[in-house]
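Peer 1: File target_23.cif below, mmCIF, C-alpha atoms:
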```
data_model
loop_
_atom_site.label_atom_id
_atom_site.label_comp_id
_atom_site.auth_asym_id
_atom_site.auth_seq_id
_atom_site.Cartn_x
_atom_site.Cartn_y
_atom_site.Cartn_z
CA MET H 30 0.00 0.00 0.00
CA GLU H 31 1.33 3.42 -0.98
CA LYS H 32 2.19 5.60 1.99
CA LYS H 33 -0.03 8.65 2.38
CA VAL H 34 1.59 12.04 2.05
CA ASP H 35 1.87 13.99 5.32
CA VAL H 36 0.17 17.38 5.20
CA VAL H 37 -0.26 20.04 7.86
CA ILE H 38 -3.19 22.44 7.59
CA TYR H 39 -3.76 25.57 9.67
CA THR H 40 -7.25 27.07 9.61
CA ASP H 41 -9.18 29.99 11.01
CA GLY H 42 -12.59 31.57 10.53
CA ALA H 43 -14.26 34.82 11.51
CA ALA H 44 -17.51 36.75 11.27
CA ASP H 45 -17.94 40.46 11.93
CA PRO H 46 -20.40 40.88 13.55
CA ASN H 47 -21.44 37.35 14.47
CA PRO H 48 -23.64 36.48 12.59
CA GLY H 49 -22.47 38.80 9.85
CA VAL H 50 -19.98 39.02 7.03
CA GLY H 51 -17.64 36.04 7.32
CA GLY H 52 -14.28 34.88 6.09
CA TYR H 53 -11.90 31.95 6.38
CA GLY H 54 -8.18 31.44 5.98
CA VAL H 55 -6.23 28.25 5.31
CA ILE H 56 -2.55 27.35 5.06
CA LEU H 57 -1.46 23.99 3.63
CA LEU H 58 2.06 22.74 4.29
CA GLY H 59 3.46 19.63 2.64
CA GLY H 60 7.14 18.92 2.12
CA ASN H 61 8.62 22.13 0.77
CA ARG H 62 5.29 23.35 -0.59
CA ARG H 63 3.05 25.99 0.92
CA LYS H 64 -0.38 27.13 -0.22
CA GLU H 65 -2.72 29.77 1.17
CA LEU H 66 -6.48 29.85 0.63
CA SER H 67 -9.15 32.30 1.71
CA GLY H 68 -12.70 33.32 0.96
CA GLY H 69 -15.83 34.71 2.48
CA PHE H 70 -19.61 35.03 2.52
CA ARG H 71 -21.96 37.96 2.89
CA LEU H 72 -23.84 36.49 5.87
CA THR H 73 -22.69 33.59 8.02
CA THR H 74 -21.35 32.78 11.50
CA ASN H 75 -17.96 32.44 13.10
CA ASN H 76 -18.48 28.73 13.78
CA ARG H 77 -19.51 28.04 10.20
CA MET H 78 -16.35 29.72 8.96
CA GLU H 79 -14.20 27.67 11.33
CA VAL H 80 -15.69 24.43 9.97
CA TYR H 81 -15.67 25.69 6.38
CA ALA H 82 -11.96 26.47 6.63
CA ALA H 83 -11.22 22.82 7.46
CA ILE H 84 -13.39 21.72 4.54
CA ALA H 85 -11.62 24.10 2.16
CA GLY H 86 -8.23 22.80 3.24
CA LEU H 87 -9.15 19.15 2.79
CA GLU H 88 -10.91 19.77 -0.53
CA ALA H 89 -7.71 21.33 -1.87
CA LEU H 90 -5.86 18.01 -1.53
CA LYS H 91 -5.58 16.03 -4.76
CA GLN H 92 -4.99 12.61 -3.21
CA PRO H 93 -5.70 10.83 0.08
CA CYS H 94 -3.31 12.23 2.68
CA LYS H 95 -2.40 11.95 6.33
CA VAL H 96 -3.45 15.34 7.64
CA THR H 97 -3.04 17.27 10.86
CA ILE H 98 -5.40 20.24 11.12
CA TYR H 99 -4.53 22.96 13.61
CA SER H 100 -7.40 25.21 14.63
CA ASP H 101 -8.11 27.61 17.47
CA SER H 102 -11.80 26.63 17.36
CA GLN H 103 -12.76 24.33 20.21
CA TYR H 104 -16.15 23.96 18.51
CA LEU H 105 -14.49 22.33 15.50
CA VAL H 106 -11.83 20.33 17.33
CA LYS H 107 -14.06 18.94 20.08
CA ALA H 108 -16.85 18.06 17.65
CA MET H 109 -14.43 15.92 15.66
CA THR H 110 -12.24 14.49 18.44
CA GLU H 111 -14.83 13.89 21.16
CA GLY H 112 -17.35 12.14 18.97
CA TRP H 113 -19.99 14.87 18.88
CA VAL H 114 -20.51 14.63 15.13
CA GLU H 115 -20.82 10.83 15.17
CA LYS H 116 -23.44 11.07 17.94
CA TRP H 117 -25.41 13.69 16.02
CA LYS H 118 -25.32 11.55 12.89
CA SER H 119 -26.54 8.48 14.80
CA ARG H 120 -29.55 10.52 15.98
CA ASN H 121 -30.35 11.81 12.47
CA TRP H 122 -28.69 15.11 13.37
CA TRP H 123 -30.56 15.74 16.61
CA ARG H 124 -28.54 16.63 19.70
CA THR H 125 -31.40 15.83 22.09
CA ASN H 126 -35.09 14.97 21.83
CA LYS H 127 -35.90 18.64 21.26
CA GLU H 128 -32.70 20.27 20.02
CA GLN H 129 -31.45 19.82 16.46
CA ALA H 130 -27.75 19.96 15.62
CA ILE H 131 -26.70 23.05 13.66
CA ASN H 132 -24.43 23.44 10.63
CA ILE H 133 -25.45 19.98 9.46
CA ASP H 134 -24.49 20.70 5.85
CA LEU H 135 -20.90 21.46 6.84
CA TRP H 136 -20.54 18.53 9.23
CA GLU H 137 -21.73 16.18 6.49
CA ARG H 138 -19.12 17.55 4.08
CA LEU H 139 -16.35 17.41 6.66
CA SER H 140 -17.25 13.88 7.74
CA ALA H 141 -17.13 12.67 4.13
CA LEU H 142 -13.68 14.22 3.65
CA CYS H 143 -12.42 12.56 6.83
CA GLU H 144 -13.34 9.20 5.29
CA ILE H 145 -11.03 9.98 2.36
CA HIS H 146 -8.14 11.36 4.37
CA GLU H 147 -6.62 10.30 7.68
CA VAL H 148 -7.23 13.44 9.73
CA ASP H 149 -6.15 14.51 13.21
CA PHE H 150 -7.59 17.71 14.69
CA VAL H 151 -5.41 19.66 17.12
CA TRP H 152 -6.45 22.75 19.07
CA VAL H 153 -4.08 25.70 19.29
CA LYS H 154 -4.63 28.80 21.38
CA GLY H 155 -5.55 31.74 19.20
CA HIS H 156 -3.62 35.01 19.23
CA SER H 157 -0.80 33.44 21.21
CA GLY H 158 2.04 34.04 18.80
CA ASN H 159 1.71 30.97 16.57
CA PRO H 160 2.77 32.46 13.21
CA GLU H 161 0.62 30.23 11.02
CA ASN H 162 -2.45 30.72 13.19
CA GLU H 163 -1.90 34.47 13.13
CA ARG H 164 -1.54 34.38 9.35
CA CYS H 165 -4.81 32.45 8.97
CA ASP H 166 -6.52 35.05 11.14
CA LYS H 167 -5.28 37.81 8.84
CA LEU H 168 -6.41 35.87 5.77
CA SER H 169 -9.90 35.38 7.16
CA TYR H 170 -10.37 39.05 8.07
CA ALA H 171 -8.96 40.20 4.73
CA ALA H 172 -11.47 37.90 3.00
CA LEU H 173 -14.51 39.19 4.88
CA ARG H 174 -13.60 42.77 3.97
CA GLN H 175 -13.92 42.03 0.26
CA THR H 176 -16.88 43.36 -1.70
CA ASP H 177 -19.57 41.36 -3.53
CA LEU H 178 -19.15 38.27 -1.37
CA PRO H 179 -21.36 35.29 -2.30
CA PRO H 180 -24.20 34.03 -0.11
CA ASP H 181 -23.72 31.17 2.30
CA GLU H 182 -26.71 29.48 0.70
CA LEU H 183 -27.50 26.85 3.31
CA TYR H 184 -27.17 29.36 6.13
CA GLU H 185 -29.46 31.94 4.54
CA ASN H 186 -31.90 29.30 3.24
CA PRO H 187 -31.57 26.24 5.47
CA PRO H 188 -33.29 23.01 4.41
CA PRO H 189 -36.12 21.57 6.51
CA ALA H 190 -35.01 19.97 9.74
CA PRO H 191 -34.61 16.19 9.55
CA GLU H 192 -37.20 14.15 11.41
CA PRO H 193 -36.02 12.60 14.68
CA ILE H 194 -35.32 8.89 14.40
CA GLU H 195 -38.44 6.98 15.40
CA MET H 196 -37.71 4.81 18.42
CA THR H 197 -39.20 1.40 17.63
CA GLN H 198 -36.83 -1.33 18.85
CA ASP H 199 -34.14 -2.15 21.35
CA GLY H 200 -30.56 -1.52 20.31
CA GLN H 201 -31.28 1.87 18.75
CA PRO H 202 -29.09 4.75 20.00
CA CYS H 203 -30.62 6.91 22.70
CA ARG H 204 -31.44 10.37 21.37
CA LYS H 205 -29.76 11.97 24.37
CA CYS H 206 -26.54 9.99 24.85
CA SER H 207 -26.41 7.39 22.00
CA THR H 208 -26.32 4.42 24.39
CA PRO H 209 -28.28 1.44 22.94
CA VAL H 210 -31.75 1.35 24.49
CA THR H 211 -33.43 -1.77 25.84
CA LYS H 212 -37.09 -2.83 25.74
CA LEU H 213 -38.86 -3.04 29.09
CA ARG H 214 -42.42 -3.77 30.20
CA GLY H 215 -44.03 -1.36 32.67
CA ARG H 216 -46.33 -2.07 35.57
CA LYS H 217 -49.48 -1.70 33.46
CA GLY H 218 -48.21 -4.06 30.79
CA LYS H 219 -47.13 -1.36 28.37
CA THR H 220 -43.74 -1.82 26.72
CA TYR H 221 -41.30 1.05 26.35
CA LEU H 222 -37.66 1.64 25.43
CA PHE H 223 -35.27 2.61 28.21
CA CYS H 224 -31.71 3.99 28.19
CA PRO H 225 -29.61 2.31 30.91
CA ASN H 226 -27.14 5.21 30.85
CA CYS H 227 -29.10 8.48 31.04
CA LYS H 228 -32.42 6.86 32.10
CA ALA H 229 -34.38 8.37 29.18
CA SER H 230 -37.50 6.45 28.19
CA TYR H 231 -39.39 6.28 24.91
CA PRO H 232 -42.96 5.06 24.55
CA LEU H 233 -43.66 2.58 21.76
CA ALA H 234 -46.33 3.12 19.13
CA LEU H 235 -49.48 0.97 19.40
CA GLY H 236 -48.35 -1.32 16.58
CA ASP H 237 -45.04 -1.93 18.28
CA GLN H 238 -46.84 -2.63 21.57
CA ASP H 239 -48.94 -5.30 19.90
CA GLU H 240 -45.90 -6.86 18.25
CA SER H 241 -44.10 -7.01 21.61
CA LYS H 242 -47.09 -8.73 23.26
CA GLN H 243 -47.30 -11.30 20.46
CA ALA H 244 -43.60 -12.09 20.90
CA THR H 245 -44.14 -12.55 24.65
CA LEU H 246 -47.11 -14.91 24.12
CA CYS H 247 -45.10 -17.02 21.70
#
```
For this file, write the structure as structure tokens.

Peer 2:
Amino acid sequence: MEKKVDVVIYTDGAADPNPGVGGYGVILLGGNRRKELSGGFRLTTNNRMEVYAAIAGLEALKQPCKVTIYSDSQYLVKAMTEGWVEKWKSRNWWRTNKEQAINIDLWERLSALCEIHEVDFVWVKGHSGNPENERCDKLSYAALRQTDLPPDELYENPPPAPEPIEMTQDGQPCRKCSTPVTKLRGRKGKTYLFCPNCKASYPLALGDQDESKQATLC
């Protein structure tokens, strides 16, 4: 198997105000090569620009690579390193029963790119003297000051929210914590799904209740 090329990417994003005009800056370093990228949108958010910067950096690569992305955005780094995005995906992009994940379009793009490349995300403290981070900051602010910036289409016109995953059987991920739920029978004979971790419970539809009773009788 051919060894993947090692690439280092520094990213930053900004919006002024937030939400407002936004920009991103990217630096790609590989071997003796260096490439800078930047761009912006007429209306967006700081967090969207942080995620978009990582997407722009990975999309600039022409072959599968081993990548280290340095970002001063804890939102980006924690979402990718602490499993937030995978949990949201498992719940059909719902963070909880009532709260939908945001920036779904960007997380989907970034997740797909991370399946192509081997990516590590590393947090760096912003404005602390790291020259590449400081340069990305300048690139992002220079980009948002440009005129005639394009729209961030899926921010200005977001698609309908996905429906929450219907809870119908044991083994499905809990909507709150993603732990597999189990099927239990209550005191009045009604069956429900229960999360052994966070103690959330989900009532079963009438059809599923009947199916559970039939299985018990058999």

Peer 1: Calculate how many Å separate atom CA of H:Leu72 from atom CA of H:Ala43, rounding to one decimal.

Peer 2: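 Distance reported for this atom pair: 11.2 Å.
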
Peer 1: Applying the PyMOL selection byres ((chain H and resi 196) around 10) to the file I just gave you, which residues come out? Please list them as number ranges by chain.

Peer 2: H: 193-195, 197-204, 210, 221-222, 230-234, 237

Peer 1: Applied to this file, what does the PyMOL selection byres ((chain H and resi 40) around 10) return in terms of residues, put as a PyMOL selection string?

Peer 2: chain H and resi 38-39+41-42+53-57+65-67+78-86+98-102+161-166+168-169

Peer 1: Could you write out as a ChimeraX atom specification the residues that the PyMOL selection byres ((chain H and resi 225-227) around 10) matches in the shown file?

Peer 2: /H:203,205-211,222-224,228-230

Peer 1: What separation in Å, quoted to one decimal, exists between atom CA of H:Glu147 and atom CA of H:Val96?

Peer 2: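 Separation of atom CA of H:Glu147 and atom CA of H:Val96: 6.0 Å.
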
Peer 1: With all atoms listed in the file as the atoms that count, which of H:Pro160, H:Gly215, H:Gly51, H:Pro187 lies nearest to H:Asp134?

Peer 2: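 Among the listed residues, H:Pro187 lies closest to H:Asp134.
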
Peer 1: Compile the contact shell of stretch 176-186 of chain H as a list in words: residues with an atom at most 8 Å away, counting only C-alpha atoms, same-chain residues fewer than 2 positions apart removed.

Peer 2: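 Counting only the stated atoms, we get Gly69, Phe70, Arg71, Leu72, Thr73, Asn132, Asp134, Leu173, Arg174 and Pro188 of chain H.
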
Peer 1: Mind pulling up the distance from atom CA of H:Tyr170 to atom CA of H:Gly158?

Peer 2: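 One can read the atom CA of H:Gly158 to atom CA of H:Tyr170 distance as 17.2 Å.
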
Peer 1: Given all atoms listed in the file as the basis, pick out the residue of H:Thr110, H:Asn76, H:Asn47, H:Thr97 nearest to H:Gly59.

Peer 2: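 That would be H:Thr97, the residue with the smallest distance to H:Gly59.
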
Peer 1: Can you tell me, as a list in words, what residues are no more than 10 Å from H:Gln92 when counting only C-alpha atoms, ignoring any on the same chain fewer than 3 positions away?

Peer 2: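 Close residues of H:Gln92: Lys33, Val34, Leu87, Glu88, Ala89, Lys95, Ile145 and His146 of chain H.
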
Peer 1: Nearest residue to H:Val106 out of H:Val151, H:Val50, H:Ile133, H:Cys143, using all atoms listed in the file?

Peer 2: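 Among H:Val151, H:Val50, H:Ile133, H:Cys143, it is H:Val151 that comes nearest to H:Val106.
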
Peer 1: Do you know which residues are at most 10 Å from H:Ser140 counting only C-alpha atoms, after dropping those on the same chain fewer than 5 positions away, and could you put them as a list in words?

Peer 2: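 The neighbour list is Ile84, Met109, Val114, Glu115, Lys118, Leu135 and Ile145 of chain H.
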
Peer 1: Let me see the file: selected residues, C-alpha atoms, as a compact mmCIF listing (two decimals), in the frame of the given file.

Peer 2:
```
# COMPACT_ATOMS: atom_id res chain seq x y z
CA ILE H 84 -13.39 21.72 4.54
CA MET H 109 -14.43 15.92 15.66
CA VAL H 114 -20.51 14.63 15.13
CA GLU H 115 -20.82 10.83 15.17
CA LYS H 118 -25.32 11.55 12.89
CA LEU H 135 -20.90 21.46 6.84
CA ILE H 145 -11.03 9.98 2.36
```

Peer 1: Restricting the calculation to all atoms listed in the file, which member of H:Glu192, H:Asp35, H:Glu144, H:Asp149 is positioned closest to H:Asn126?

Peer 2: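 Checking each of H:Glu192, H:Asp35, H:Glu144, H:Asp149 against H:Asn126, counting all atoms listed in the file, the winner is H:Glu192.
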
Peer 1: Between H:Lys64, H:Lys219, H:Lys116, H:Lys91, which one has atoms that come closest to H:Ala130, using only C-alpha atoms?

Peer 2: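 Among the listed residues, H:Lys116 lies closest to H:Ala130.
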
Peer 1: Go through H:Val36, H:Leu142, H:Val148, H:Ala44 and flag the residue nearest H:Asn61, using only C-alpha atoms for the distances.

Peer 2: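 Of all the options, H:Val36 lies closest to H:Asn61.
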